[in-house]
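File shown: data.txt (compact mmCIF, C-alpha atoms and all ligand atoms).
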```
# COMPACT_ATOMS: atom_id res chain seq x y z
CA MET A 162 114.75 101.31 152.09
CA ARG A 163 113.01 100.23 148.98
CA LYS A 164 110.15 98.87 151.08
CA ARG A 165 109.68 102.19 152.84
CA LEU A 166 109.53 103.96 149.47
CA LEU A 167 106.86 101.57 148.28
CA ILE A 168 104.75 102.18 151.39
CA ALA A 169 105.08 105.95 150.94
CA ALA A 170 103.97 105.64 147.32
CA LEU A 171 101.00 103.49 148.33
CA LEU A 172 99.95 106.00 151.01
CA LEU A 173 100.15 108.79 148.47
CA LEU A 174 98.01 106.83 146.04
CA VAL A 175 95.37 106.08 148.68
CA SER A 176 95.12 109.74 149.71
CA LEU A 177 94.78 110.75 146.04
CA LEU A 178 91.96 108.28 145.53
CA VAL A 179 90.07 109.57 148.52
CA SER A 180 90.41 113.22 147.61
CA LEU A 181 89.51 112.81 143.92
CA PRO A 182 86.00 114.11 143.24
CA VAL A 183 83.55 111.62 141.73
CA LEU A 184 83.91 112.09 137.99
CA ALA A 185 80.57 113.18 136.64
CA ALA A 186 79.43 111.77 133.33
CA GLU A 187 77.83 114.15 130.94
CA VAL A 188 74.99 113.20 128.65
CA SER A 189 75.92 114.75 125.33
CA GLY A 190 73.37 113.28 122.94
CA PHE A 191 70.07 111.48 122.74
CA ARG A 192 68.51 109.42 119.91
CA VAL A 193 65.63 107.00 119.43
CA TRP A 194 65.04 104.30 116.82
CA ALA A 195 61.97 102.15 116.42
CA ASP A 196 61.75 98.85 114.59
CA PRO A 197 58.70 96.57 114.44
CA ALA A 198 59.73 94.71 117.59
CA LYS A 199 61.22 97.37 119.85
CA THR A 200 62.01 101.00 120.50
CA ARG A 201 65.65 101.81 121.24
CA ALA A 202 66.75 104.90 123.14
CA VAL A 203 70.43 105.84 123.12
CA LEU A 204 72.15 108.26 125.49
CA ASP A 205 75.66 109.43 124.54
CA LEU A 206 77.92 109.69 127.59
CA ASP A 207 81.42 111.08 127.86
CA ARG A 208 82.37 108.22 130.19
CA LYS A 209 81.02 105.00 131.68
CA THR A 210 78.66 105.55 134.55
CA ALA A 211 76.54 103.51 136.94
CA TYR A 212 72.81 103.62 136.28
CA LYS A 213 69.53 102.21 137.55
CA LEU A 214 66.55 101.44 135.38
CA PHE A 215 62.94 100.73 136.39
CA THR A 216 59.39 101.00 135.12
CA LEU A 217 56.31 102.66 136.59
CA GLU A 218 52.71 102.06 135.55
CA ASN A 219 49.64 104.35 135.35
CA PRO A 220 50.78 106.05 133.22
CA HIS A 221 53.46 103.81 131.66
CA ARG A 222 56.94 105.20 132.29
CA VAL A 223 60.56 104.11 132.23
CA VAL A 224 62.95 105.84 134.61
CA VAL A 225 66.74 105.92 134.26
CA ASP A 226 68.82 107.20 137.15
CA LEU A 227 72.39 108.04 136.17
CA GLN A 228 74.77 108.44 139.08
CA GLY A 229 76.72 111.68 139.31
CA SER A 230 75.71 112.78 135.85
CA SER A 231 74.60 115.95 134.23
CA ILE A 232 72.99 117.00 131.00
CA ASP A 233 73.07 120.30 129.17
CA ILE A 234 71.50 119.51 125.82
CA PRO A 235 67.85 119.83 124.95
CA VAL A 236 66.33 116.33 124.87
CA GLU A 237 64.15 116.48 121.81
CA LEU A 238 62.12 113.55 120.67
CA ASP A 239 62.35 112.65 116.99
CA GLU A 240 58.70 111.66 116.64
CA GLU A 241 59.10 109.78 113.39
CA HIS A 242 61.42 107.30 115.10
CA ALA A 243 60.00 107.41 118.62
CA GLY A 244 58.01 104.14 118.57
CA ILE A 245 56.23 103.67 121.89
CA ILE A 246 57.97 106.66 123.53
CA LYS A 247 55.56 109.59 123.82
CA SER A 248 57.80 112.12 125.52
CA VAL A 249 61.07 112.48 127.40
CA ARG A 250 61.91 114.68 130.37
CA TYR A 251 64.64 114.87 132.96
CA GLY A 252 65.29 116.20 136.42
CA GLN A 253 67.46 115.85 139.51
CA PRO A 254 65.83 113.96 142.39
CA ASP A 255 69.00 114.61 144.43
CA LYS A 256 72.22 116.42 143.67
CA ASN A 257 74.10 113.27 142.65
CA THR A 258 71.51 111.82 140.33
CA LEU A 259 70.33 112.67 136.84
CA ARG A 260 66.90 111.19 136.22
CA VAL A 261 65.59 110.70 132.67
CA VAL A 262 61.93 109.71 132.34
CA PHE A 263 60.38 108.24 129.20
CA ASP A 264 56.59 108.42 128.97
CA LEU A 265 55.32 105.41 127.03
CA SER A 266 52.14 104.76 125.11
CA GLU A 267 52.00 101.21 126.51
CA SER A 268 53.80 99.04 129.03
CA ALA A 269 57.12 97.57 127.94
CA GLU A 270 59.78 95.06 128.86
CA LEU A 271 63.26 96.49 129.26
CA LYS A 272 66.77 95.57 128.28
CA SER A 273 69.73 97.90 128.73
CA PHE A 274 73.48 97.85 128.23
CA LEU A 275 76.52 100.13 127.98
CA LEU A 276 78.47 100.34 124.72
CA ASP A 277 82.12 101.28 124.37
CA PRO A 278 83.19 104.12 122.07
CA THR A 279 83.52 103.50 118.32
CA ALA A 280 84.83 105.69 115.50
CA GLN A 281 81.41 107.36 115.29
CA TYR A 282 80.26 107.50 118.89
CA SER A 283 81.38 107.95 122.48
CA HIS A 284 80.27 105.74 125.40
CA ARG A 285 76.57 104.96 125.15
CA LEU A 286 73.77 103.71 127.32
CA VAL A 287 71.28 101.76 125.23
CA ILE A 288 67.76 101.08 126.48
CA ASP A 289 65.54 98.73 124.51
CA LEU A 290 61.79 98.83 125.12
CA PHE A 291 59.91 95.76 123.93
CA SER A 292 56.23 96.35 123.44
CA LYS A 293 54.18 93.66 125.18
CA SER A 294 51.29 93.96 122.75
CA ASN A 295 53.62 93.37 119.82
CA GLN A 296 51.83 91.80 116.88
CA LYS A 297 53.40 89.14 114.76
CA SER A 298 55.74 90.45 112.12
CA SER A 299 54.50 90.66 108.55
CA LEU A 300 57.24 88.18 107.64
CA VAL A 301 55.21 85.44 109.26
CA LYS A 302 52.40 85.63 106.76
CA HIS A 303 54.79 84.70 103.97
CA VAL A 304 55.39 81.35 105.61
CA THR A 305 51.84 80.29 104.80
CA ASN A 306 52.64 80.98 101.16
CA ILE A 307 55.15 78.12 101.06
CA SER A 308 52.68 75.25 101.13
CA LYS A 309 50.35 76.66 98.47
CA PRO A 310 50.53 75.17 94.99
CA ASN A 311 52.16 77.51 92.51
CA ARG A 312 53.48 79.67 95.29
CA GLU A 313 55.40 82.87 94.67
CA VAL A 314 59.18 82.88 95.06
CA VAL A 315 60.08 85.02 98.07
CA ILE A 316 63.03 87.38 97.95
CA ALA A 317 64.32 88.90 101.20
CA VAL A 318 65.62 92.39 100.43
CA ASP A 319 68.06 93.64 103.03
CA ALA A 320 68.92 97.34 103.27
CA GLY A 321 72.39 97.43 104.88
CA HIS A 322 73.17 99.26 108.13
CA GLY A 323 70.54 101.52 109.81
CA GLY A 324 69.91 103.16 113.16
CA GLU A 325 73.13 103.65 115.11
CA ASP A 326 75.12 102.32 112.15
CA PRO A 327 75.14 104.88 109.30
CA GLY A 328 77.38 102.79 106.99
CA ALA A 329 79.70 104.68 104.66
CA ILE A 330 79.33 108.45 104.46
CA GLY A 331 79.91 110.51 101.30
CA LYS A 332 81.60 113.90 100.96
CA LYS A 333 78.21 115.63 100.92
CA ARG A 334 77.25 113.71 104.12
CA THR A 335 75.01 111.27 102.25
CA ARG A 336 74.59 108.26 104.53
CA GLU A 337 74.72 104.75 103.11
CA LYS A 338 71.92 103.58 105.45
CA ASP A 339 69.49 106.12 103.94
CA VAL A 340 70.15 105.57 100.22
CA VAL A 341 70.23 101.77 100.49
CA LEU A 342 66.86 101.80 102.28
CA ARG A 343 65.38 103.81 99.40
CA ILE A 344 66.85 101.44 96.83
CA ALA A 345 65.62 98.44 98.85
CA ARG A 346 62.08 99.85 98.88
CA GLU A 347 62.20 100.43 95.12
CA LEU A 348 63.51 96.90 94.70
CA LYS A 349 60.61 95.50 96.72
CA LYS A 350 58.18 97.45 94.53
CA ALA A 351 59.79 96.18 91.32
CA ILE A 352 59.81 92.56 92.55
CA ASP A 353 56.21 92.68 93.80
CA ALA A 354 55.11 93.92 90.37
CA GLU A 355 56.42 90.70 88.79
CA PRO A 356 53.98 87.80 88.57
CA GLY A 357 55.09 84.87 90.70
CA MET A 358 57.55 86.91 92.75
CA SER A 359 57.22 88.75 96.05
CA ALA A 360 59.65 90.55 98.33
CA VAL A 361 60.00 91.10 102.06
CA LEU A 362 62.20 93.80 103.59
CA THR A 363 64.45 92.86 106.50
CA ARG A 364 64.16 96.47 107.65
CA ASP A 365 61.71 99.15 106.58
CA GLY A 366 62.84 102.09 108.64
CA ASP A 367 65.89 103.65 110.21
CA TYR A 368 66.89 101.07 112.79
CA TYR A 369 69.66 98.56 113.20
CA ILE A 370 69.36 94.80 112.82
CA PRO A 371 72.32 92.61 113.83
CA LEU A 372 73.90 90.83 110.85
CA ARG A 373 72.80 87.34 111.87
CA GLY A 374 69.34 88.76 112.60
CA ARG A 375 69.10 89.76 108.94
CA TYR A 376 69.62 86.33 107.50
CA GLU A 377 67.57 84.77 110.27
CA LYS A 378 64.67 86.96 109.07
CA ALA A 379 65.17 85.65 105.55
CA ARG A 380 65.14 82.07 106.82
CA LYS A 381 61.99 82.68 108.88
CA ALA A 382 60.24 84.09 105.81
CA ARG A 383 61.33 80.92 103.95
CA ALA A 384 62.97 83.15 101.39
CA ASP A 385 64.24 81.61 98.15
CA LEU A 386 66.85 84.34 97.90
CA PHE A 387 68.49 86.96 100.13
CA VAL A 388 69.78 90.18 98.55
CA SER A 389 71.66 92.68 100.70
CA ILE A 390 71.88 96.23 99.33
CA HIS A 391 74.90 98.44 100.04
CA ALA A 392 76.90 101.38 98.73
CA ASP A 393 80.66 101.00 98.55
CA ALA A 394 83.37 103.36 99.76
CA PHE A 395 87.04 103.61 98.89
CA THR A 396 89.86 106.02 99.71
CA LYS A 397 90.38 106.88 96.02
CA THR A 398 87.38 109.00 95.00
CA SER A 399 87.71 108.16 91.30
CA VAL A 400 86.76 104.51 91.88
CA ARG A 401 83.18 103.81 90.78
CA GLY A 402 80.69 101.22 89.52
CA SER A 403 78.50 98.45 90.92
CA SER A 404 79.68 95.07 92.18
CA VAL A 405 78.06 91.81 93.28
CA PHE A 406 79.44 89.56 96.02
CA VAL A 407 78.88 86.04 97.28
CA LEU A 408 80.31 84.40 100.40
CA SER A 409 83.83 83.05 100.13
CA ALA A 410 84.22 79.31 100.77
CA ARG A 411 86.23 79.89 103.92
CA GLY A 412 83.54 82.11 105.46
CA ALA A 413 80.90 79.52 104.62
CA SER A 414 82.62 76.66 106.37
CA SER A 415 83.23 78.55 109.61
CA GLU A 416 79.59 79.66 109.89
CA PHE A 417 78.51 76.14 109.02
CA ALA A 418 80.41 74.87 112.03
CA ARG A 419 78.83 77.47 114.30
CA LEU A 420 75.32 76.61 113.15
CA LEU A 421 75.94 72.90 113.47
CA ALA A 422 76.88 73.46 117.09
CA ASP A 423 73.55 75.15 117.64
CA SER A 424 71.06 72.32 117.61
CA GLU A 425 68.06 74.59 117.19
CA ASN A 426 69.45 75.88 113.94
CA ALA A 427 70.66 72.50 112.80
CA SER A 428 67.18 70.99 113.02
CA ASP A 429 65.76 72.99 110.16
CA LEU A 430 68.83 73.50 108.04
CA VAL A 431 67.79 70.89 105.56
CA GLY A 432 64.22 71.85 104.86
CA GLY A 433 62.71 70.81 108.15
CA VAL A 434 64.44 67.45 108.46
CA THR A 435 65.12 66.98 112.13
CA LEU A 436 68.66 65.86 112.52
CA ASN A 437 68.66 64.90 116.19
CA ASP A 438 67.42 61.40 115.49
CA LYS A 439 69.72 60.79 112.52
CA ASP A 440 73.23 59.56 113.06
CA ASP A 441 76.00 62.12 112.85
CA MET A 442 77.36 60.84 109.56
CA LEU A 443 74.02 61.19 107.77
CA ALA A 444 73.44 64.59 109.36
CA SER A 445 76.70 65.95 108.07
CA VAL A 446 76.10 64.56 104.57
CA LEU A 447 72.62 66.14 104.44
CA LEU A 448 73.92 69.48 105.65
CA ASP A 449 76.81 69.42 103.25
CA LEU A 450 74.48 68.77 100.32
CA SER A 451 72.17 71.57 101.36
CA GLN A 452 75.07 73.95 101.73
CA SER A 453 76.77 73.24 98.43
CA ALA A 454 73.45 73.64 96.62
CA THR A 455 73.05 77.03 98.34
CA ARG A 456 76.54 78.06 97.26
CA GLU A 457 75.91 77.03 93.67
CA ALA A 458 72.62 78.94 93.57
CA SER A 459 74.27 82.03 95.09
CA ASN A 460 76.94 81.98 92.38
CA LYS A 461 74.34 81.67 89.65
CA VAL A 462 72.08 84.45 90.82
CA ALA A 463 75.07 86.74 91.45
CA ALA A 464 76.27 86.14 87.88
CA ASP A 465 72.78 86.91 86.52
CA ILE A 466 72.55 90.17 88.49
CA LEU A 467 76.05 91.16 87.36
CA SER A 468 75.22 90.55 83.68
CA SER A 469 72.07 92.60 84.04
CA MET A 470 74.26 95.37 85.49
CA LYS A 471 76.72 95.13 82.62
CA ARG A 472 73.84 95.68 80.20
CA ASN A 473 72.65 98.73 82.16
CA GLY A 474 75.60 100.64 83.47
CA LYS A 475 79.13 100.71 84.75
CA VAL A 476 80.38 97.77 86.81
CA HIS A 477 83.34 98.06 89.14
CA LYS A 478 84.75 94.59 88.43
CA PRO A 479 83.89 92.18 85.58
CA ASN A 480 83.48 89.17 87.90
CA VAL A 481 81.45 88.27 90.96
CA GLY A 482 83.45 89.08 94.09
CA ARG A 483 83.97 86.73 97.01
CA ALA A 484 84.18 87.98 100.55
CA ASN A 485 83.66 86.83 104.09
CA PHE A 486 80.48 88.85 104.74
CA MET A 487 78.60 87.69 107.83
CA VAL A 488 75.27 88.71 106.35
CA LEU A 489 75.69 86.17 103.52
CA LYS A 490 76.30 83.21 105.81
CA SER A 491 72.88 81.63 105.71
CA PRO A 492 73.61 77.98 104.89
CA ASP A 493 70.23 77.31 103.27
CA VAL A 494 69.16 80.56 101.58
CA PRO A 495 71.12 81.58 98.46
CA SER A 496 72.56 84.99 99.33
CA VAL A 497 74.18 87.84 97.42
CA LEU A 498 75.37 91.31 98.34
CA VAL A 499 75.08 94.18 95.86
CA GLU A 500 77.30 97.24 96.16
CA THR A 501 75.12 99.55 94.08
CA ALA A 502 77.69 102.33 93.59
CA PHE A 503 80.56 104.12 95.35
CA ILE A 504 79.29 106.70 97.81
CA SER A 505 82.92 107.90 98.02
CA ASN A 506 82.77 108.94 94.34
CA PRO A 507 81.20 112.44 94.15
CA GLY A 508 79.27 111.72 90.93
CA GLU A 509 77.90 108.41 92.22
CA GLU A 510 77.11 109.91 95.64
CA LYS A 511 74.80 112.37 93.88
CA ARG A 512 73.16 109.68 91.76
CA LEU A 513 72.58 107.45 94.78
CA THR A 514 70.28 110.14 96.18
CA GLU A 515 68.29 110.43 92.94
CA LYS A 516 64.99 108.58 92.61
CA GLU A 517 65.65 107.85 88.95
CA PHE A 518 68.91 106.06 89.75
CA GLN A 519 67.33 104.21 92.68
CA GLN A 520 64.53 102.93 90.43
CA ARG A 521 66.89 102.01 87.61
CA MET A 522 69.10 100.08 90.04
CA ALA A 523 66.01 98.28 91.39
CA ARG A 524 64.90 97.39 87.86
CA THR A 525 68.39 96.14 86.93
CA ILE A 526 68.65 93.92 90.01
CA THR A 527 65.08 92.62 89.47
CA ASN A 528 65.91 91.65 85.88
CA GLY A 529 68.92 89.67 87.08
CA ILE A 530 66.83 87.92 89.76
CA LYS A 531 64.16 87.14 87.16
CA ASP A 532 66.73 85.62 84.79
CA TYR A 533 67.87 83.38 87.61
CA PHE A 534 64.42 82.18 88.70
CA TYR A 535 63.19 81.66 85.15
CA SER A 536 66.22 79.51 84.34
CA SER A 537 66.15 77.55 87.61
CA PRO A 538 62.71 77.90 89.24
CA PRO A 539 62.21 76.19 92.61
CA PRO A 540 59.72 73.30 92.18
CA GLY A 541 56.12 74.10 93.11
CA THR A 542 56.37 77.78 92.29
CA TRP A 543 54.26 79.83 89.92
CA ILE A 544 57.38 80.51 87.86
CA ALA A 545 58.07 76.78 87.49
CA ALA A 546 54.52 76.31 86.18
CA ASN A 547 54.45 79.36 83.96
CA ARG A 548 57.93 80.08 82.77
CA ASN A 549 57.18 78.74 79.32
CA GLY A 550 54.02 80.83 79.17
CA GLN A 551 53.63 83.10 76.19
CA LYS A 552 53.83 86.85 76.28
CA TYR A 553 51.15 89.05 74.76
CA ILE A 554 51.38 92.79 74.14
CA VAL A 555 48.04 94.55 74.65
CA ALA A 556 46.83 96.23 71.44
CA ARG A 557 44.21 98.95 70.94
CA GLY A 558 40.70 97.53 71.30
CA ASP A 559 41.76 94.51 73.38
CA THR A 560 39.76 93.52 76.45
CA LEU A 561 40.98 91.26 79.22
CA GLY A 562 38.06 88.90 78.63
CA GLY A 563 38.78 88.80 74.91
CA ILE A 564 42.43 87.88 75.46
CA ALA A 565 41.47 85.20 78.02
CA SER A 566 39.04 83.51 75.64
CA ARG A 567 41.50 83.73 72.74
CA TYR A 568 44.04 81.74 74.78
CA ARG A 569 41.33 79.47 76.29
CA ILE A 570 42.14 80.37 79.88
CA SER A 571 39.89 81.74 82.58
CA LEU A 572 39.70 85.47 83.13
CA ASN A 573 40.72 85.03 86.75
CA ARG A 574 43.86 83.10 85.86
CA LEU A 575 44.89 85.79 83.44
CA ARG A 576 44.22 88.41 86.11
CA SER A 577 46.20 86.65 88.83
CA ALA A 578 49.08 85.76 86.50
CA ASN A 579 49.48 89.45 85.79
CA LYS A 580 48.46 90.87 89.16
CA ILE A 581 45.51 92.74 87.66
CA ASN A 582 42.56 93.49 89.94
CA GLY A 583 39.91 95.04 87.73
CA ASP A 584 39.42 95.01 84.00
CA VAL A 585 41.59 97.95 83.00
CA ILE A 586 44.54 97.15 80.74
CA HIS A 587 46.74 99.63 78.96
CA VAL A 588 47.81 99.47 75.35
CA GLY A 589 51.41 98.29 75.07
CA ARG A 590 51.41 96.35 78.34
CA GLU A 591 53.09 92.95 78.21
CA LEU A 592 50.85 90.22 79.61
CA VAL A 593 51.99 86.78 80.69
CA ILE A 594 49.73 84.07 79.30
CA PRO A 595 49.82 81.17 81.76
CA THR A 596 50.02 77.71 80.19
CA SER A 597 46.88 75.67 80.67
ZN ZN B 1 77.53 98.73 103.54
```

Can you dump the structure from the file as C-alpha cells?
Ligand SMILES: [Zn+2]
Amino acid sequence: MRKRLLIAALLLLVSLLVSLPVLAAEVSGFRVWADPAKTRAVLDLDRKTAYKLFTLENPHRVVVDLQGSSIDIPVELDEEHAGIIKSVRYGQPDKNTLRVVFDLSESAELKSFLLDPTAQYSHRLVIDLFSKSNQKSSLVKHVTNISKPNREVVIAVDAGHGGEDPGAIGKKRTREKDVVLRIARELKKAIDAEPGMSAVLTRDGDYYIPLRGRYEKARKARADLFVSIHADAFTKTSVRGSSVFVLSARGASSEFARLLADSENASDLVGGVTLNDKDDMLASVLLDLSQSATREASNKVAADILSSMKRNGKVHKPNVGRANFMVLKSPDVPSVLVETAFISNPGEEKRLTEKEFQQRMARTITNGIKDYFYSSPPPGTWIAANRNGQKYIVARGDTLGGIASRYRISLNRLRSANKINGDVIHVGRELVIPTS
C-alpha cells in the first residue's frame, strides 16, 4: 500500500518536472569597474542561469550567451569605469538565448564566475577582462627605490572597499568606498610632500581588491608601513570619533600558519632569505622574529597615529583597538587600520564628504606616521640619515643658494631634502637642513 503511494507520488513529481516551463532568468542590472589590471563587468540576475562566453577578433569582442534569459533595462556604459570596454549591446540570436556583446578596445583574456546573492545584490555573473598589453603596475617602480642609499620610506595607503563592495552607507547615502578613497588620495599627497617619505595607493579608482590582494600589493611595493583607511558604522547614530586598530594576536598566528604552508610566500617573509634550504627549526625561529618585530612596529605606529588624532579631534576610544582584520595580516609589513569617523553619525557623515575634513584627517595621520618614522627610522633611509637635521624657517630676502652656503651644504642637497625643483621659496616655509 505504502509502496503504491510512493510510486504515485514519484509519477506526479516526474510529470510536474516535465511540464514546468524553463525558468527564464532576467538581467536586472549592469555595471563595469576598471582597475589597472582588468576590467570587470557585472550582470545582476534574478536567478542562476547557464551561460557561454567566447571572444571574437577583428574587431575585438566578448560575447555572452545566457540561456533562457531576458533583459528589459537599458544597458548603459559608465564610461569613467569602462576600462577596455568601448560599448555594450544585446540581442536574441534565437528565442531561448540572450546575447550580450562587449566591444573592446583591445584583445583580452577572460575569466568568469557566478556569485550568490548578498545583502546588497542578487545573483550575479561576473566577467573579468584582462588586457594582454597590460603594462607593469606603478608599484613596481618603488621596488627599485629599496636598494638606493638614503631611500624614502614607502607607505602603502589602502582605501577600504570599492567596486562591488560599497562598505558602510550613511543615512544620506554616502558610501564608505567613496569617502575613504578621497581621504586616501589626500593622505598620499600629504605623505609625498614630506621629504624622505613616499606613498603608494593600493587602489586609485572605484574597483574592488580582495583583502589579501591589498597587503600583497604592499609587500610587492616593499612598503615600510601599510595603512588601511575606513569609515566606521554603528547602530547607535550618536556614536562618533576616530579609532586606530592593529591585528589581534590570535588573527596573526592563524595567518602566519597559512603563509607558512605556502612556500612561495614563506621564501620572502624574512627579507628575501630563502627558507627552503634552512632546517625547519631555524625557519620557524626566523619567521617568528620577523613577525614579532612587525607586531611591535604596528603597535608603535598605531599609538603615534592615535596621539596625533587626540591632539586634533575627537577619538572614539582612548586606546588602540585590536581586531582580527584580514587586511592587517601581512606578517612582514607593519599594518594599521584607521576608522576615520562614523558614517552612521549624521554630523560625521557630512564631514566625511567635505574636502577640508578629508585634508585635515590626512594631515593628522601623516603627522602620526612621521612621529613613528622619526623615532624609529628603518636603516638606510633618508629619515635615518636626516632625522637630526635642523629646521630653518625661510625669512624675507632669503635665497635657496644663500641658505645652502650658510649651512655649508650643496644647493642640490637642500633642494632634494625639501623636494624643491626650482629656486622659488616662500617666506615662512620650514626647510629641513640635511646633516652633512
Ligand atoms: Zn570599512

Within 12 Å of stretch 538-543 of chain A, counting all atoms listed in the file, which residues show up once you throw out same-chain ones fewer than 2 positions away? Write them as number ranges by chain, please.
A: 306-315, 355-359, 384-386, 458, 462, 495, 530-536, 545-550, 574, 577-579, 593, 595-596

Around ligand ZN 1 (chain B), at most 8 Å away and counting only C-alpha atoms and all ligand atoms, which residues are there? Put them as a short mmCIF file (atom, residue, chain, number, x, y, z; two decimals) with C-alpha atoms, in the coordinates of the input, please.
```
data_model
loop_
_atom_site.label_atom_id
_atom_site.label_comp_id
_atom_site.auth_asym_id
_atom_site.auth_seq_id
_atom_site.Cartn_x
_atom_site.Cartn_y
_atom_site.Cartn_z
CA GLY A 321 72.39 97.43 104.88
CA HIS A 322 73.17 99.26 108.13
CA GLY A 328 77.38 102.79 106.99
CA ALA A 329 79.70 104.68 104.66
CA GLU A 337 74.72 104.75 103.11
CA LYS A 338 71.92 103.58 105.45
CA ILE A 390 71.88 96.23 99.33
CA HIS A 391 74.90 98.44 100.04
CA ALA A 392 76.90 101.38 98.73
CA ASP A 393 80.66 101.00 98.55
CA GLU A 500 77.30 97.24 96.16
#
```

Quick one: everything within 7 Å of A:Val224, counting all atoms listed in the file, minus sequence neighbours fewer than 5 positions away in the same chain. Send it as a ChimeraX atom specification.
/A:214-216,260-263

Output C-alpha atoms for every residue in that selection, as a CSV table (one decimal), in the frame of the given file.
```csv
chain,number,residue,atom,x,y,z
A,214,LEU,CA,66.6,101.4,135.4
A,215,PHE,CA,62.9,100.7,136.4
A,216,THR,CA,59.4,101.0,135.1
A,260,ARG,CA,66.9,111.2,136.2
A,261,VAL,CA,65.6,110.7,132.7
A,262,VAL,CA,61.9,109.7,132.3
A,263,PHE,CA,60.4,108.2,129.2
```

Could you give me the centre and size, in Å to one decimal, of an axis-aligned box around all listed atoms of stretch 502-518 of chain A with 8 Å added on every side, as AutoDock Vina command-line options?
```
--center_x 74.0 --center_y 107.4 --center_z 93.5 --size_x 33.9 --size_y 26.1 --size_z 25.1
```

Skip A:His587 itself and residues of its chain fewer than 6 positions away, then list as a compact mmCIF listing (two decimals) with C-alpha atoms, keeping the file's coordinate frame all residues within 9 Å of it, counting all atoms listed in the file.
```txt
# COMPACT_ATOMS: atom_id res chain seq x y z
CA VAL A 555 48.04 94.55 74.65
CA ALA A 556 46.83 96.23 71.44
CA ARG A 557 44.21 98.95 70.94
```

Taking all atoms listed in the file into account, which of A:Arg192, A:Arg285, A:Lys213, A:Arg364 comes nearest A:Leu238?
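Selected residue with least distance to A:Leu238: A:Arg192.
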
Do you know which residues are at most 12 Å from A:Glu241 counting all atoms listed in the file, after dropping those on the same chain fewer than 2 positions away, and could you put them as a PyMOL selection string?
chain A and resi 192-196+200+237-239+243-247+366-368

Atom CA of A:Arg380 to atom CA of A:Asp493, straight-line distance in Å:
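Separating atom CA of A:Asp493 from atom CA of A:Arg380 is a distance of 7.8 Å.
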
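Restricting the calculation to only C-alpha atoms, the smallest distance between A:Ala320 and any of A:Ser230, A:Thr398, A:Gln253, A:Thr501 is found for A:Thr501.
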